[in-house]
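Visitor: To be precise about what I am sending: the file is called data.tsv and holds TSV, C-alpha atoms and all ligand atoms.
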```
chain	number	residue	atom	x	y	z
A	200	MET	CA	-4.43	-19.64	155.06
A	201	LEU	CA	-5.73	-16.11	155.68
A	202	ILE	CA	-4.72	-15.62	153.35
A	203	LYS	CA	-4.45	-15.75	149.74
A	204	ARG	CA	-1.24	-15.75	147.77
A	205	PRO	CA	-0.62	-12.41	146.04
A	206	ALA	CA	-1.38	-13.85	142.61
A	207	ASP	CA	-4.82	-14.88	143.84
A	208	ILE	CA	-5.87	-11.39	144.77
A	209	PRO	CA	-7.55	-9.67	141.86
A	210	ALA	CA	-7.28	-5.91	142.02
A	211	SER	CA	-11.07	-5.73	141.90
A	212	GLU	CA	-11.20	-7.16	145.40
A	213	ILE	CA	-9.27	-4.29	146.84
A	214	THR	CA	-11.42	-1.22	146.90
A	215	PRO	CA	-10.49	1.73	149.04
A	216	GLU	CA	-14.07	2.17	150.24
A	217	HIS	CA	-14.36	-1.35	151.51
A	218	ILE	CA	-10.95	-2.33	152.63
A	219	TYR	CA	-8.51	-0.24	154.51
A	220	LEU	CA	-5.56	-2.51	154.14
A	221	ARG	CA	-3.32	-1.30	151.41
A	222	ARG	CA	-2.70	-3.78	148.66
A	223	ARG	CA	1.07	-3.58	148.78
A	224	GLU	CA	1.00	-4.38	152.46
A	225	LEU	CA	-1.48	-7.17	151.95
A	226	MET	CA	0.90	-8.67	149.45
A	227	ALA	CA	3.83	-8.21	151.79
A	228	GLY	CA	1.73	-9.87	154.43
A	229	ALA	CA	0.84	-12.75	152.17
A	230	GLY	CA	4.52	-13.25	151.46
A	231	LEU	CA	5.23	-13.37	155.12
A	232	PHE	CA	2.51	-15.94	155.68
A	233	ALA	CA	3.81	-18.01	152.80
A	234	ALA	CA	7.18	-18.02	154.47
A	235	GLY	CA	5.46	-19.59	157.45
A	236	ALA	CA	6.22	-16.83	159.91
A	237	LEU	CA	3.49	-17.63	162.37
A	238	LEU	CA	4.69	-16.44	165.69
A	239	PRO	CA	7.65	-14.18	165.64
A	240	THR	CA	9.95	-14.54	168.58
A	241	GLY	CA	11.58	-11.53	170.14
A	242	LEU	CA	9.91	-8.32	169.14
A	243	GLY	CA	6.21	-8.72	168.73
A	244	ALA	CA	4.19	-7.22	165.94
A	245	SER	CA	3.21	-4.47	168.32
A	246	GLU	CA	6.73	-3.11	168.48
A	247	ALA	CA	8.04	-4.29	165.16
A	248	GLY	CA	5.23	-2.87	163.09
A	249	SER	CA	2.91	-5.28	161.37
A	250	PRO	CA	3.07	-6.27	157.72
A	251	LEU	CA	-0.52	-5.18	157.25
A	252	GLU	CA	-0.80	-1.60	158.36
A	253	ALA	CA	-4.31	-0.29	158.79
A	254	ARG	CA	-5.26	2.94	157.10
A	255	PRO	CA	-5.54	5.80	159.55
A	256	ALA	CA	-8.77	5.25	161.37
A	257	THR	CA	-11.36	7.86	160.58
A	258	PRO	CA	-14.09	9.14	162.89
A	259	ALA	CA	-16.52	7.36	160.57
A	260	LEU	CA	-14.90	3.99	161.33
A	261	ALA	CA	-14.87	4.71	165.04
A	262	ALA	CA	-18.56	5.61	164.87
A	263	LYS	CA	-19.31	2.19	163.40
A	264	GLY	CA	-17.41	0.58	166.27
A	265	PHE	CA	-14.87	-0.87	163.83
A	266	TYR	CA	-12.01	0.87	165.54
A	267	THR	CA	-10.97	2.03	169.00
A	268	ASP	CA	-7.98	4.16	169.87
A	269	GLU	CA	-7.57	2.49	173.27
A	270	LYS	CA	-4.11	1.04	173.81
A	271	LYS	CA	-3.81	-2.28	172.02
A	272	THR	CA	-2.91	-5.33	174.08
A	273	PRO	CA	0.58	-6.35	172.93
A	274	PHE	CA	0.82	-9.30	170.58
A	275	GLU	CA	2.68	-11.34	173.21
A	276	ASP	CA	-0.24	-11.15	175.61
A	277	VAL	CA	-2.83	-11.81	172.92
A	278	ALA	CA	-0.96	-14.95	171.88
A	279	ARG	CA	0.08	-16.24	175.30
A	280	TYR	CA	-2.93	-15.73	177.53
A	281	ASN	CA	-5.73	-17.75	175.99
A	282	ASN	CA	-8.88	-19.72	176.56
A	283	PHE	CA	-9.01	-22.67	174.19
A	284	TYR	CA	-10.05	-25.69	176.24
A	285	GLU	CA	-9.33	-28.06	173.36
A	286	PHE	CA	-5.69	-27.59	174.35
A	287	GLY	CA	-6.07	-27.45	178.13
A	288	THR	CA	-7.62	-25.22	180.77
A	289	ASP	CA	-4.58	-23.18	181.86
A	290	LYS	CA	-4.16	-19.82	180.16
A	291	GLY	CA	-0.71	-20.89	178.91
A	292	ASP	CA	-1.80	-24.30	177.58
A	293	PRO	CA	-3.05	-23.18	174.15
A	294	ALA	CA	0.23	-21.41	173.32
A	295	LYS	CA	2.11	-24.49	174.52
A	296	TYR	CA	0.11	-27.16	172.74
A	297	ALA	CA	-1.81	-25.68	169.80
A	298	ASP	CA	1.18	-26.14	167.54
A	299	ALA	CA	0.00	-29.75	167.07
A	300	LEU	CA	-3.01	-28.53	165.11
A	301	THR	CA	-2.99	-28.97	161.33
A	302	VAL	CA	-4.68	-25.92	159.80
A	303	ASP	CA	-3.86	-26.46	156.16
A	304	PRO	CA	-5.84	-27.82	154.40
A	305	TRP	CA	-8.98	-26.59	156.15
A	306	SER	CA	-12.54	-26.96	155.02
A	307	VAL	CA	-15.83	-25.76	156.40
A	308	ALA	CA	-19.14	-27.60	156.05
A	309	VAL	CA	-22.12	-25.35	155.36
A	310	GLU	CA	-25.43	-26.97	156.25
A	311	GLY	CA	-29.08	-26.40	156.99
A	312	GLU	CA	-31.31	-23.58	155.83
A	313	VAL	CA	-29.09	-22.31	153.06
A	314	ALA	CA	-29.26	-22.31	149.27
A	315	ARG	CA	-25.58	-23.17	148.87
A	316	PRO	CA	-24.77	-26.01	151.23
A	317	GLY	CA	-21.55	-27.91	150.79
A	318	THR	CA	-18.09	-28.50	152.10
A	319	TYR	CA	-15.87	-25.62	151.09
A	320	PRO	CA	-12.12	-25.25	151.24
A	321	LEU	CA	-11.60	-22.20	153.45
A	322	GLU	CA	-9.99	-20.32	150.54
A	323	ASP	CA	-13.23	-20.66	148.57
A	324	LEU	CA	-15.31	-19.25	151.40
A	325	LEU	CA	-13.04	-16.21	151.56
A	326	THR	CA	-12.80	-15.61	147.82
A	327	GLY	CA	-14.32	-12.35	146.65
A	328	ILE	CA	-14.69	-10.85	150.12
A	329	ASP	CA	-12.29	-8.11	151.17
A	330	LEU	CA	-10.27	-8.61	154.30
A	331	GLU	CA	-10.72	-5.82	156.82
A	332	GLU	CA	-8.94	-4.79	159.95
A	333	ARG	CA	-11.08	-4.26	163.04
A	334	ILE	CA	-9.75	-3.12	166.39
A	335	TYR	CA	-12.11	-4.53	169.00
A	336	ARG	CA	-12.31	-4.92	172.74
A	337	LEU	CA	-12.59	-8.56	173.85
A	338	ARG	CA	-14.23	-9.03	177.27
A	339	CYS	CA	-14.01	-12.51	178.79
A	340	VAL	CA	-16.78	-13.59	181.15
A	341	GLU	CA	-13.96	-14.16	183.69
A	342	ALA	CA	-13.59	-10.35	183.93
A	343	TRP	CA	-10.39	-9.74	181.99
A	344	SER	CA	-10.21	-7.95	178.66
A	345	MET	CA	-7.94	-7.08	175.75
A	346	VAL	CA	-7.89	-4.77	172.73
A	347	ILE	CA	-7.09	-6.78	169.62
A	348	PRO	CA	-6.51	-5.73	166.00
A	349	TRP	CA	-8.21	-8.51	164.03
A	350	ILE	CA	-8.13	-9.26	160.32
A	351	GLY	CA	-11.15	-10.94	158.80
A	352	ILE	CA	-14.35	-10.77	156.79
A	353	PRO	CA	-17.71	-9.55	158.06
A	354	LEU	CA	-19.97	-12.55	158.63
A	355	HIS	CA	-22.86	-10.86	156.82
A	356	LYS	CA	-20.85	-10.87	153.60
A	357	LEU	CA	-20.13	-14.57	153.93
A	358	LEU	CA	-23.81	-15.31	154.64
A	359	ALA	CA	-24.86	-13.30	151.60
A	360	LYS	CA	-22.65	-15.59	149.54
A	361	LEU	CA	-24.16	-18.73	151.08
A	362	GLU	CA	-27.76	-17.48	150.74
A	363	PRO	CA	-29.71	-18.40	153.86
A	364	THR	CA	-33.32	-19.43	153.21
A	365	SER	CA	-36.25	-17.53	154.71
A	366	LYS	CA	-36.43	-20.21	157.44
A	367	ALA	CA	-32.95	-19.44	158.74
A	368	LYS	CA	-33.31	-17.81	162.17
A	369	TYR	CA	-29.99	-18.74	163.78
A	370	VAL	CA	-26.41	-19.56	162.85
A	371	GLU	CA	-24.71	-22.46	164.60
A	372	PHE	CA	-20.92	-22.85	164.63
A	373	THR	CA	-18.89	-25.95	165.46
A	374	THR	CA	-15.18	-26.23	166.31
A	375	LEU	CA	-13.00	-29.00	164.95
A	376	TYR	CA	-13.09	-32.32	166.80
A	377	ARG	CA	-9.67	-33.93	166.41
A	378	PRO	CA	-8.50	-35.48	169.66
A	379	GLU	CA	-5.25	-36.69	168.06
A	380	GLU	CA	-4.19	-33.06	167.77
A	381	MET	CA	-6.25	-31.44	170.53
A	382	ARG	CA	-5.02	-32.83	173.81
A	383	GLY	CA	-7.84	-31.26	175.81
A	384	GLN	CA	-10.32	-33.38	173.86
A	385	ARG	CA	-8.47	-36.51	174.99
A	386	SER	CA	-8.40	-35.47	178.63
A	387	ARG	CA	-10.28	-37.74	180.99
A	388	PHE	CA	-10.91	-34.74	183.23
A	389	SER	CA	-12.74	-32.71	180.64
A	390	THR	CA	-16.42	-32.13	181.37
A	391	ILE	CA	-17.08	-30.59	177.96
A	392	ASP	CA	-19.12	-32.59	175.49
A	393	TRP	CA	-16.95	-32.00	172.41
A	394	PRO	CA	-17.03	-30.47	169.87
A	395	TYR	CA	-17.33	-26.91	171.19
A	396	MET	CA	-20.41	-25.23	169.77
A	397	GLU	CA	-21.80	-21.72	169.65
A	398	GLY	CA	-24.62	-19.84	168.01
A	399	LEU	CA	-26.02	-16.44	167.13
A	400	ARG	CA	-29.43	-15.12	166.26
A	401	MET	CA	-29.61	-14.14	162.58
A	402	ASP	CA	-29.76	-10.40	163.25
A	403	GLU	CA	-26.69	-10.71	165.51
A	404	ALA	CA	-24.87	-12.64	162.81
A	405	MET	CA	-25.80	-9.99	160.23
A	406	ASN	CA	-24.63	-7.05	162.37
A	407	PRO	CA	-21.69	-5.27	160.69
A	408	LEU	CA	-19.54	-5.77	163.81
A	409	THR	CA	-19.66	-9.57	163.62
A	410	LEU	CA	-16.41	-10.79	162.13
A	411	MET	CA	-14.97	-14.07	160.89
A	412	ALA	CA	-11.31	-13.60	161.75
A	413	THR	CA	-8.42	-15.12	159.85
A	414	GLY	CA	-5.67	-13.01	161.34
A	415	LEU	CA	-4.59	-10.57	164.00
A	416	TYR	CA	-1.89	-7.94	164.26
A	417	GLY	CA	-1.65	-8.01	160.47
A	418	ARG	CA	-0.62	-11.62	160.29
A	419	GLU	CA	-2.08	-15.10	160.20
A	420	LEU	CA	-4.03	-16.11	163.32
A	421	PRO	CA	-1.84	-17.89	165.84
A	422	LYS	CA	-3.21	-21.39	166.35
A	423	GLN	CA	-3.93	-20.66	170.02
A	424	ASN	CA	-6.20	-17.81	168.89
A	425	GLY	CA	-8.36	-20.12	166.79
A	426	ALA	CA	-6.61	-20.57	163.47
A	427	PRO	CA	-7.46	-20.64	160.73
A	428	PHE	CA	-11.01	-19.28	161.03
A	429	ARG	CA	-12.83	-18.06	164.14
A	430	LEU	CA	-15.77	-15.91	165.10
A	431	VAL	CA	-15.39	-12.53	166.84
A	432	VAL	CA	-18.48	-10.94	168.43
A	433	PRO	CA	-17.13	-7.94	170.33
A	434	TRP	CA	-20.25	-7.05	172.35
A	435	LYS	CA	-20.59	-10.54	173.83
A	436	TYR	CA	-18.52	-12.41	176.38
A	437	GLY	CA	-15.48	-14.06	174.82
A	438	PHE	CA	-16.83	-17.59	174.94
A	439	LYS	CA	-19.25	-16.75	172.12
A	440	SER	CA	-16.24	-16.09	169.85
A	441	ILE	CA	-15.74	-19.72	168.88
A	442	LYS	CA	-12.41	-20.83	167.45
A	443	SER	CA	-11.19	-23.12	164.66
A	444	ILE	CA	-14.58	-23.47	163.00
A	445	VAL	CA	-15.32	-26.44	160.72
A	446	LYS	CA	-19.08	-26.19	160.43
A	447	ILE	CA	-21.62	-23.42	159.91
A	448	ARG	CA	-25.26	-24.49	160.06
A	449	LEU	CA	-28.28	-22.27	159.49
A	450	THR	CA	-31.20	-23.30	161.67
A	451	GLU	CA	-34.80	-22.53	162.47
A	452	LYS	CA	-34.32	-23.31	166.16
A	453	GLN	CA	-31.92	-21.81	168.67
A	454	PRO	CA	-28.78	-23.96	168.62
A	455	ARG	CA	-27.33	-25.67	171.67
A	456	THR	CA	-24.15	-24.07	172.90
A	457	THR	CA	-21.33	-25.62	174.90
A	458	TRP	CA	-21.31	-23.33	177.92
A	459	GLN	CA	-25.05	-23.11	178.23
A	460	GLU	CA	-25.20	-26.88	178.25
A	461	LEU	CA	-22.44	-27.15	180.83
A	462	ALA	CA	-23.73	-24.55	183.31
A	463	PRO	CA	-27.03	-23.03	182.17
A	464	GLN	CA	-27.50	-20.97	185.34
A	465	GLU	CA	-24.13	-19.27	184.70
A	466	TYR	CA	-23.86	-18.97	180.92
A	467	GLY	CA	-26.73	-18.05	178.66
A	468	PHE	CA	-27.24	-18.11	174.92
A	469	TYR	CA	-27.07	-14.33	174.62
A	470	ALA	CA	-24.04	-13.64	176.82
A	471	ASN	CA	-24.08	-9.92	176.09
A	472	VAL	CA	-21.49	-8.03	178.11
A	473	ASN	CA	-23.51	-6.38	180.87
A	474	PRO	CA	-22.06	-4.72	183.99
A	475	ASN	CA	-25.51	-4.76	185.60
A	476	VAL	CA	-26.00	-8.51	185.54
A	477	ASP	CA	-23.46	-10.31	187.68
A	478	HIS	CA	-22.19	-13.81	187.13
A	479	PRO	CA	-23.61	-15.96	189.98
A	480	ARG	CA	-20.07	-16.28	191.38
A	481	TRP	CA	-18.56	-12.85	190.69
A	482	SER	CA	-19.32	-9.25	189.76
A	483	GLN	CA	-19.22	-8.11	186.14
A	484	LYS	CA	-18.94	-4.40	187.01
A	485	TYR	CA	-15.19	-4.19	186.41
A	486	GLU	CA	-12.59	-5.88	184.29
A	487	ARG	CA	-8.84	-6.32	184.26
A	488	ARG	CA	-7.45	-4.89	181.00
A	489	LEU	CA	-4.39	-6.80	179.85
A	490	PRO	CA	-1.51	-6.38	180.20
A	491	ASN	CA	-1.67	-5.84	183.92
A	492	SER	CA	0.44	-6.73	186.92
A	493	LEU	CA	0.17	-7.10	190.66
A	494	PHE	CA	1.33	-3.51	191.03
A	495	ASP	CA	-0.86	-2.19	188.26
A	496	PRO	CA	-4.11	-4.19	188.17
A	497	ASN	CA	-5.39	-1.95	185.37
A	498	ARG	CA	-8.95	-2.31	186.59
A	499	ILE	CA	-11.50	-0.50	184.46
A	500	LYS	CA	-15.27	-0.25	184.42
A	501	THR	CA	-17.08	-2.70	182.20
A	502	ARG	CA	-19.34	-0.99	179.69
A	503	MET	CA	-22.80	-2.04	178.53
A	504	PHE	CA	-22.48	-4.27	175.46
A	505	ASN	CA	-18.73	-3.88	175.94
A	506	GLY	CA	-18.96	-0.30	174.68
A	507	TYR	CA	-20.87	-1.20	171.50
A	508	GLU	CA	-24.25	-0.06	172.80
A	509	GLU	CA	-24.79	2.36	169.94
A	510	GLN	CA	-24.27	-0.37	167.37
A	511	VAL	CA	-26.22	-3.23	168.97
A	512	ALA	CA	-28.66	-2.07	171.67
A	513	HIS	CA	-31.49	-2.03	169.10
A	514	LEU	CA	-31.16	-5.80	168.70
A	515	TYR	CA	-32.38	-6.31	172.26
A	516	LYS	CA	-35.06	-3.67	172.52
A	517	GLY	CA	-37.79	-4.78	174.90
A	518	MET	CA	-35.85	-7.88	176.02
A	519	ASN	CA	-35.29	-8.56	179.68
A	520	LEU	CA	-31.50	-8.86	179.77
A	521	ARG	CA	-31.58	-10.36	183.26
A	522	ARG	CA	-33.65	-13.24	182.02
A	523	TYR	CA	-31.87	-13.52	178.66
A	524	TYR	CA	-28.31	-13.32	179.97
A	601	LIG	N1	-13.38	-23.78	170.41
A	601	LIG	C1	-13.22	-22.91	171.42
A	601	LIG	N2	-13.45	-21.60	171.21
A	601	LIG	C2	-13.28	-20.70	172.22
A	601	LIG	C3	-12.90	-21.13	173.52
A	601	LIG	C4	-12.64	-22.53	173.70
A	601	LIG	O1	-12.28	-23.01	174.81
A	601	LIG	N3	-12.80	-23.38	172.63
A	601	LIG	N4	-12.79	-20.21	174.54
A	601	LIG	C5	-13.55	-18.96	174.40
A	601	LIG	C6	-13.24	-17.96	175.42
A	601	LIG	S1	-13.83	-18.27	176.98
A	601	LIG	C7	-12.60	-16.79	175.14
A	601	LIG	S2	-12.42	-15.58	176.32
A	601	LIG	C8	-12.02	-16.55	173.80
A	601	LIG	C9	-10.55	-16.21	173.94
A	601	LIG	O2	-10.00	-15.88	172.70
A	601	LIG	P1	-8.44	-15.55	172.58
A	601	LIG	O3	-7.69	-16.68	173.25
A	601	LIG	O4	-8.16	-15.47	171.13
A	601	LIG	O5	-8.22	-14.24	173.29
A	601	LIG	O6	-12.14	-17.68	172.94
A	601	LIG	C10	-13.39	-18.35	173.02
A	601	LIG	N5	-13.49	-19.37	171.98
A	602	MO	MO	-13.80	-16.31	178.04
```
Can the structure from this file be put into structure tokens for me?

Guide:
Amino acid sequence: MLIKRPADIPASEITPEHIYLRRRELMAGAGLFAAGALLPTGLGASEAGSPLEARPATPALAAKGFYTDEKKTPFEDVARYNNFYEFGTDKGDPAKYADALTVDPWSVAVEGEVARPGTYPLEDLLTGIDLEERIYRLRCVEAWSMVIPWIGIPLHKLLAKLEPTSKAKYVEFTTLYRPEEMRGQRSRFSTIDWPYMEGLRMDEAMNPLTLMATGLYGRELPKQNGAPFRLVVPWKYGFKSIKSIVKIRLTEKQPRTTWQELAPQEYGFYANVNPNVDHPRWSQKYERRLPNSLFDPNRIKTRMFNGYEEQVAHLYKGMNLRRYY
């Protein structure tokens, strides 16, 4: 699903300036996806080497925040320690139960303040936009973090294709609602008003860092990580990075979001990573970088905007980040 078959990739889409995945490897990757190799057992992509190898990262890429040379969190941890409440609230539940999700075919409804509304097969949304690899930190509001090599398309390129109107001030995202396949949505104990929803301000959505991911570690997204199409906003707490998206709506008004609705005093619309503004129930000054263990807690300092201050601080100039948490 990432994921086009080799024959569907015109050479014109692969330009060295804009994509740093080599075509041969992309094709090899596509072959692997076609073979249905979703989650390799045994050696993870981290050790085995991934089918999509990124070009050597340049200082220019690092300066944009597209790349970090921090140690990547191994594939096993990225795919086994998850938050995806549609499949349960334990960290191991998504890996255990997300297999039930049908991700092919997948379509995405585009609605609201946009010149090209419609319901698009995911392949059509991706057509003509180069896949890129981005190595980002992911900082959960629960104070753990990972470093993940994503594959995806910048959201601003997708929006350019959909042509927001001048009234569009926000982008709202909605996760699939399919209780037959998502056992957490059937749970009588769930307090979430499904479907899961998130939103961004237009300038946040247009920032070059904001990614629509279709893969990680050079392969198709594991279902527990939000296959086949999820948002990644690296300077915000993880809950903003909504998974398994079926609807994108451009709006004039700030959208409602799941966590803000559930506990507004704890989770705000902005949710920018900020070590100086604590969660009401815990400190946000430090984080646990995965993998860690009892003997090696791997506790590191949390950075302002998760270390992407240079790229995004201008978006919040003059805003009181205590009030707009
Ligand atoms: N639909 C949906 N998206 C979601 C969540 C969820 O429960 N449902 N959890 C969020 C949270 S809290 C985090 S930290 C990240 C985790 O992403 P990962 O499991 O790929 O690391 O997904 C986010 N996206
Ligand atoms: Mo999270």

Visitor: Which one is closest to ligand MO 602 (chain A): A:Trp305, A:Phe428, A:Tyr436, A:Tyr395? Count only C-alpha atoms and all ligand atoms.

Guide: A:Tyr436

Visitor: At a cut-off of 8 Å, can you tabulate as JSON lines every residue of chain A near ligand LIG 601 (chain A) together with its closest atom pair and the distance in Å to one decimal, using all atoms listed in the file and ordering rows by chain then number?

Guide:
```
{"residue": "A:Val277", "atom": "CA", "partner": "A:LIG601", "partner_atom": "O5", "distance": 5.9}
{"residue": "A:Ala278", "atom": "CA", "partner": "A:LIG601", "partner_atom": "O3", "distance": 7.1}
{"residue": "A:Tyr280", "atom": "CA", "partner": "A:LIG601", "partner_atom": "O3", "distance": 6.5}
{"residue": "A:Asn281", "atom": "CA", "partner": "A:LIG601", "partner_atom": "O3", "distance": 3.5}
{"residue": "A:Asn282", "atom": "CA", "partner": "A:LIG601", "partner_atom": "N4", "distance": 4.4}
{"residue": "A:Phe283", "atom": "CA", "partner": "A:LIG601", "partner_atom": "O1", "distance": 3.3}
{"residue": "A:Tyr284", "atom": "CA", "partner": "A:LIG601", "partner_atom": "O1", "distance": 3.8}
{"residue": "A:Glu285", "atom": "CA", "partner": "A:LIG601", "partner_atom": "N3", "distance": 5.9}
{"residue": "A:Thr288", "atom": "CA", "partner": "A:LIG601", "partner_atom": "O1", "distance": 7.9}
{"residue": "A:Leu337", "atom": "CA", "partner": "A:LIG601", "partner_atom": "O5", "distance": 7.2}
{"residue": "A:Arg338", "atom": "CA", "partner": "A:LIG601", "partner_atom": "S2", "distance": 6.9}
{"residue": "A:Cys339", "atom": "CA", "partner": "A:LIG601", "partner_atom": "S2", "distance": 4.2}
{"residue": "A:Val340", "atom": "CA", "partner": "A:LIG601", "partner_atom": "S2", "distance": 6.8}
{"residue": "A:Glu341", "atom": "CA", "partner": "A:LIG601", "partner_atom": "S2", "distance": 7.7}
{"residue": "A:Met345", "atom": "CA", "partner": "A:LIG601", "partner_atom": "O5", "distance": 7.6}
{"residue": "A:Thr373", "atom": "CA", "partner": "A:LIG601", "partner_atom": "N1", "distance": 7.7}
{"residue": "A:Thr374", "atom": "CA", "partner": "A:LIG601", "partner_atom": "N1", "distance": 5.1}
{"residue": "A:Leu375", "atom": "CA", "partner": "A:LIG601", "partner_atom": "N1", "distance": 7.6}
{"residue": "A:Pro394", "atom": "CA", "partner": "A:LIG601", "partner_atom": "N1", "distance": 7.6}
{"residue": "A:Tyr395", "atom": "CA", "partner": "A:LIG601", "partner_atom": "N1", "distance": 5.1}
{"residue": "A:Met396", "atom": "CA", "partner": "A:LIG601", "partner_atom": "N1", "distance": 7.2}
{"residue": "A:Gln423", "atom": "CA", "partner": "A:LIG601", "partner_atom": "O3", "distance": 6.4}
{"residue": "A:Asn424", "atom": "CA", "partner": "A:LIG601", "partner_atom": "O4", "distance": 3.8}
{"residue": "A:Gly425", "atom": "CA", "partner": "A:LIG601", "partner_atom": "O4", "distance": 6.4}
{"residue": "A:Arg429", "atom": "CA", "partner": "A:LIG601", "partner_atom": "N2", "distance": 7.9}
{"residue": "A:Tyr436", "atom": "CA", "partner": "A:LIG601", "partner_atom": "S2", "distance": 6.9}
{"residue": "A:Gly437", "atom": "CA", "partner": "A:LIG601", "partner_atom": "S2", "distance": 3.7}
{"residue": "A:Phe438", "atom": "CA", "partner": "A:LIG601", "partner_atom": "C5", "distance": 3.6}
{"residue": "A:Lys439", "atom": "CA", "partner": "A:LIG601", "partner_atom": "C10", "distance": 6.1}
{"residue": "A:Ser440", "atom": "CA", "partner": "A:LIG601", "partner_atom": "N5", "distance": 4.8}
{"residue": "A:Ile441", "atom": "CA", "partner": "A:LIG601", "partner_atom": "N2", "distance": 3.8}
{"residue": "A:Lys442", "atom": "CA", "partner": "A:LIG601", "partner_atom": "N2", "distance": 4.0}
{"residue": "A:Ser443", "atom": "CA", "partner": "A:LIG601", "partner_atom": "N1", "distance": 6.2}
{"residue": "A:Ile444", "atom": "CA", "partner": "A:LIG601", "partner_atom": "N1", "distance": 7.5}
```

Visitor: Would you please work out which residue, of A:His513, A:Lys360, A:Arg448, A:Lys500, is nearest to Gly327 in chain A when using all atoms listed in the file?

Guide: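 That would be A:Lys360, the residue with the smallest distance to Gly327 in chain A.
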
Visitor: Might you pull out every residue within 7 Å of Glu332 in chain A, with all atoms listed in the file counted and same-chain residues fewer than 3 positions away left off, and present them as a ChimeraX atom specification?

Guide: /A:253,348-351

Visitor: Report as a ChimeraX atom specification all protein, DNA and RNA residues lying within 9 Å of range 465-470 of chain A, evaluated on all atoms listed in the file, omitting residues in the same chain fewer than 3 positions from it.

Guide: /A:340,397-400,434-439,453-456,458-462,473,478-480,520,523-524

Visitor: Which of these, A:Thr450, A:Thr457, A:Ser389, A:Gln384, has the shortest distance to Met401 in chain A once you count only C-alpha atoms?

Guide: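 When distances to Met401 in chain A are compared using only C-alpha atoms, the smallest one comes from A:Thr450.
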
Visitor: Which residue gives the smallest distance to Asn471 in chain A among A:Thr413, A:Ser365, A:Asn519, A:Thr301, with all atoms listed in the file counted?

Guide: A:Asn519

Visitor: Here is a test: counting all atoms listed in the file, which residue of A:Val431, A:Val309, A:Leu321, A:Ala294 is nearest to ligand MO 602 (chain A)?

Guide: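 Once distances to ligand MO 602 (chain A) are computed over all atoms listed in the file, the minimum belongs to A:Val431.
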